Amino acid sequence: MPEIDIAALRDRVRAMERTTSTREPLSRSAVVDALVPGGLLAGCTYAVHGSHTLLLSLLAGGSAQGRWCGLVGLPDLGVESARGLGLDLERTLAVPSPGETWVETTATLVEALPLVAVRPPHTPSRADVTRLSARLRARSAALVVLLDDAPGEQTRWPGVEASVRVLSQSWTGLADGRGRLLGRELVAEVRPRSAPVRQVALVQRPDGLVGLPGASDDAAERDRRGLLEAAS
């Protein structure tokens, strides 16, 4: 993930992409639409509880369409894992360990990039959430927040458009503790802000890409390469 001057990156990204407006979808794919119907909308914040897989799958639709992504506070995120889940690393800027400046770092990336993900070290203040929300609307960007899903006191982020978490998962390919992992089946719980809670079934292929059960490999690959009508 390259080191890029923020000011130069902002000018480059804005020059390359058409001007977006608040509420325009910034990330679309079969998986994104299954989790968040209509895709990740500009000006909105989404929460993912404890799953790098779901986090990257939400970003991957926009990445496949050529949009830049920013990652803040994710030092344990594997590069190959991100690539396998569909993230274009040549259009990804990462700040793995921003420390106490994580809010300022996130706000700076929102200035330049349409899709930003952050793992906050603690629950942000209301003032910080309000500031970032205003920045998202002003810059027509979307934010995905990775929240700690461990027992006990949890990190929270008020006012999200929707939150998703993995309810259950099972691996295929192992028998009696031996064999080769061939994939994973997941059930995700989606909690929209203004709609009923629902569950979505997903599958993860051996190459890492997440798709919908029954979808053909060709369809999944088209999503990965950004050959979507939304990208035209």
# chains A, B, ... in the order shown; residues from 1 in each chain; ligands from 1

$ residues_around --residues "Leu40 of chain A" --least-positions-apart "4" --cutoff "8 Å" --atoms "only C-alpha atoms" --output "VMD selection string"
chain A and resid 25 to 28 32 36 44 46 58 142

$ write_last_selection --atoms "N, CA, C and O atoms" --output "short mmCIF file (atom, residue, chain, number, x, y, z; two decimals), in the first residue's frame"
data_model
loop_
_atom_site.label_atom_id
_atom_site.label_comp_id
_atom_site.auth_asym_id
_atom_site.auth_seq_id
_atom_site.Cartn_x
_atom_site.Cartn_y
_atom_site.Cartn_z
N PRO A 25 -24.71 6.00 -4.31
CA PRO A 25 -23.99 4.78 -3.91
C PRO A 25 -22.54 4.81 -4.35
O PRO A 25 -22.24 5.09 -5.51
N LEU A 26 -21.64 4.50 -3.43
CA LEU A 26 -20.20 4.52 -3.71
C LEU A 26 -19.62 3.12 -3.81
O LEU A 26 -18.50 2.96 -4.31
N SER A 27 -20.32 2.12 -3.32
CA SER A 27 -19.85 0.74 -3.40
C SER A 27 -21.04 -0.15 -3.69
O SER A 27 -21.98 -0.22 -2.90
N ARG A 28 -21.02 -0.83 -4.83
CA ARG A 28 -22.10 -1.72 -5.24
C ARG A 28 -21.51 -3.04 -5.70
O ARG A 28 -20.50 -3.09 -6.40
N VAL A 32 -22.53 -6.52 -1.49
CA VAL A 32 -22.84 -5.25 -0.83
C VAL A 32 -24.34 -5.00 -0.83
O VAL A 32 -24.94 -4.63 0.20
N VAL A 36 -26.41 -4.38 2.34
CA VAL A 36 -26.91 -3.01 2.44
C VAL A 36 -27.61 -2.67 1.12
O VAL A 36 -26.96 -2.18 0.19
N CYS A 44 -22.78 8.70 4.51
CA CYS A 44 -23.28 7.81 5.55
C CYS A 44 -22.16 7.02 6.22
O CYS A 44 -21.09 6.83 5.64
N TYR A 46 -21.33 3.29 8.31
CA TYR A 46 -21.78 1.92 8.50
C TYR A 46 -20.86 1.26 9.52
O TYR A 46 -19.68 1.59 9.59
N LEU A 58 -17.51 -5.03 1.99
CA LEU A 58 -18.27 -3.81 1.76
C LEU A 58 -17.47 -2.80 0.93
O LEU A 58 -18.03 -2.09 0.10
N ALA A 142 -18.11 7.87 2.17
CA ALA A 142 -18.75 6.91 3.07
C ALA A 142 -17.70 6.36 4.03
O ALA A 142 -16.55 6.16 3.66
#

$ residues_around --residues "Ser194 of chain A" --least-positions-apart "2" --cutoff "10 Å" --atoms "only C-alpha atoms" --output "PDB file with all heavy atoms, in the first residue's frame"
ATOM      1  N   GLU A 161     -25.861   4.090   9.636  1.00  0.00           N
ATOM      2  CA  GLU A 161     -26.945   3.780   8.709  1.00  0.00           C
ATOM      3  C   GLU A 161     -27.370   2.318   8.831  1.00  0.00           C
ATOM      4  O   GLU A 161     -28.552   1.983   8.729  1.00  0.00           O
ATOM      5  CB  GLU A 161     -26.494   4.068   7.279  1.00  0.00           C
ATOM      6  CG  GLU A 161     -27.608   4.095   6.253  1.00  0.00           C
ATOM      7  CD  GLU A 161     -28.482   5.340   6.369  1.00  0.00           C
ATOM      8  OE1 GLU A 161     -28.097   6.297   7.074  1.00  0.00           O
ATOM      9  OE2 GLU A 161     -29.559   5.336   5.742  1.00  0.00           O
ATOM     10  N   ALA A 162     -26.392   1.448   9.052  1.00  0.00           N
ATOM     11  CA  ALA A 162     -26.658   0.019   9.253  1.00  0.00           C
ATOM     12  C   ALA A 162     -25.439  -0.595   9.915  1.00  0.00           C
ATOM     13  O   ALA A 162     -24.320  -0.098   9.776  1.00  0.00           O
ATOM     14  CB  ALA A 162     -26.953  -0.682   7.924  1.00  0.00           C
ATOM     15  N   ARG A 191     -28.499  -4.953  10.754  1.00  0.00           N
ATOM     16  CA  ARG A 191     -29.404  -4.100  11.520  1.00  0.00           C
ATOM     17  C   ARG A 191     -29.446  -2.710  10.902  1.00  0.00           C
ATOM     18  O   ARG A 191     -28.648  -1.838  11.257  1.00  0.00           O
ATOM     19  CB  ARG A 191     -28.959  -4.002  12.982  1.00  0.00           C
ATOM     20  CG  ARG A 191     -29.143  -5.279  13.787  1.00  0.00           C
ATOM     21  CD  ARG A 191     -28.723  -5.124  15.235  1.00  0.00           C
ATOM     22  NE  ARG A 191     -29.039  -6.312  16.006  1.00  0.00           N
ATOM     23  CZ  ARG A 191     -30.184  -6.501  16.657  1.00  0.00           C
ATOM     24  NH1 ARG A 191     -31.098  -5.538  16.653  1.00  0.00           N
ATOM     25  NH2 ARG A 191     -30.407  -7.609  17.311  1.00  0.00           N
ATOM     26  N   PRO A 192     -30.365  -2.468   9.965  1.00  0.00           N
ATOM     27  CA  PRO A 192     -30.503  -1.128   9.388  1.00  0.00           C
ATOM     28  C   PRO A 192     -31.086  -0.160  10.422  1.00  0.00           C
ATOM     29  O   PRO A 192     -31.747  -0.574  11.376  1.00  0.00           O
ATOM     30  CB  PRO A 192     -31.474  -1.336   8.217  1.00  0.00           C
ATOM     31  CG  PRO A 192     -31.540  -2.823   8.015  1.00  0.00           C
ATOM     32  CD  PRO A 192     -31.278  -3.437   9.351  1.00  0.00           C
ATOM     33  N   PRO A 196     -36.362  -3.573   9.517  1.00  0.00           N
ATOM     34  CA  PRO A 196     -36.238  -4.728  10.415  1.00  0.00           C
ATOM     35  C   PRO A 196     -34.873  -5.404  10.302  1.00  0.00           C
ATOM     36  O   PRO A 196     -34.217  -5.367   9.258  1.00  0.00           O
ATOM     37  CB  PRO A 196     -37.355  -5.664   9.935  1.00  0.00           C
ATOM     38  CG  PRO A 196     -38.307  -4.795   9.191  1.00  0.00           C
ATOM     39  CD  PRO A 196     -37.482  -3.716   8.571  1.00  0.00           C
ATOM     40  N   VAL A 197     -34.465  -6.043  11.388  1.00  0.00           N
ATOM     41  CA  VAL A 197     -33.237  -6.844  11.399  1.00  0.00           C
ATOM     42  C   VAL A 197     -33.442  -8.049  10.482  1.00  0.00           C
ATOM     43  O   VAL A 197     -34.521  -8.639  10.436  1.00  0.00           O
ATOM     44  CB  VAL A 197     -32.917  -7.315  12.828  1.00  0.00           C
ATOM     45  CG1 VAL A 197     -31.683  -8.203  12.839  1.00  0.00           C
ATOM     46  CG2 VAL A 197     -32.723  -6.120  13.742  1.00  0.00           C
TER      47      VAL A 197
END

$ residues_around --residues "Ser133 of chain A" --least-positions-apart "2" --cutoff "8 Å" --atoms "only C-alpha atoms" --output "PyMOL selection string"
chain A and resi 43-45+129-131+135-137

$ residues_around --residues "segment 88-96 of chain A" --least-positions-apart "5" --cutoff "10 Å" --atoms "only C-alpha atoms" --output "number ranges by chain"
A: 1-4, 6, 9, 13, 59-60, 62-77, 79-80, 82-83, 102, 105-106, 109, 113, 115-119, 224-225

$ closest_atom_pairs --of "segment 24-112 of chain A" --to "segment 198-215 of chain A" --cutoff "8 Å" --atoms "only C-alpha atoms" --output "tab-separated table"
residue	atom	partner	partner_atom	distance
A:Ala30	CA	A:Gly211	CA	7.3
A:Val31	CA	A:Gly211	CA	5.9
A:Ala34	CA	A:Val200	CA	6.9
A:Leu35	CA	A:Val200	CA	6.7
A:Ser57	CA	A:Val210	CA	6.9
A:Ser81	CA	A:Gly208	CA	7.1
A:Gly84	CA	A:Gly208	CA	4.8
A:Leu85	CA	A:Leu209	CA	4.6
A:Gly86	CA	A:Leu209	CA	6.5

$ select_by_dssp --residues "segment 43-205 of chain A" --states "strand (DSSP E or B)" --output "ChimeraX atom specification"
/A:45-49,69-72,92-95,115-118,142-147,162-175,178-192,198-204

$ closest_residue --among "A:Asp148, A:Ala8, A:Val190, A:Pro158" --to "His49 of chain A" --atoms "only C-alpha atoms"
A:Asp148

$ select_by_dssp --residues "segment 45-109 of chain A" --states "helix (DSSP H, G or I)" --output "PyMOL selection string"
chain A and resi 52-64+79-84+89-91+99-109

$ closest_residue --among "A:Pro98, A:Ala188, A:Pro37, A:Leu55" --to "Val144 of chain A" --atoms "only C-alpha atoms"
A:Leu55

$ atom_distance --atom1 "atom CA of Ser170 of chain A" --atom2 "atom CA of Leu143 of chain A"
28.8 Å
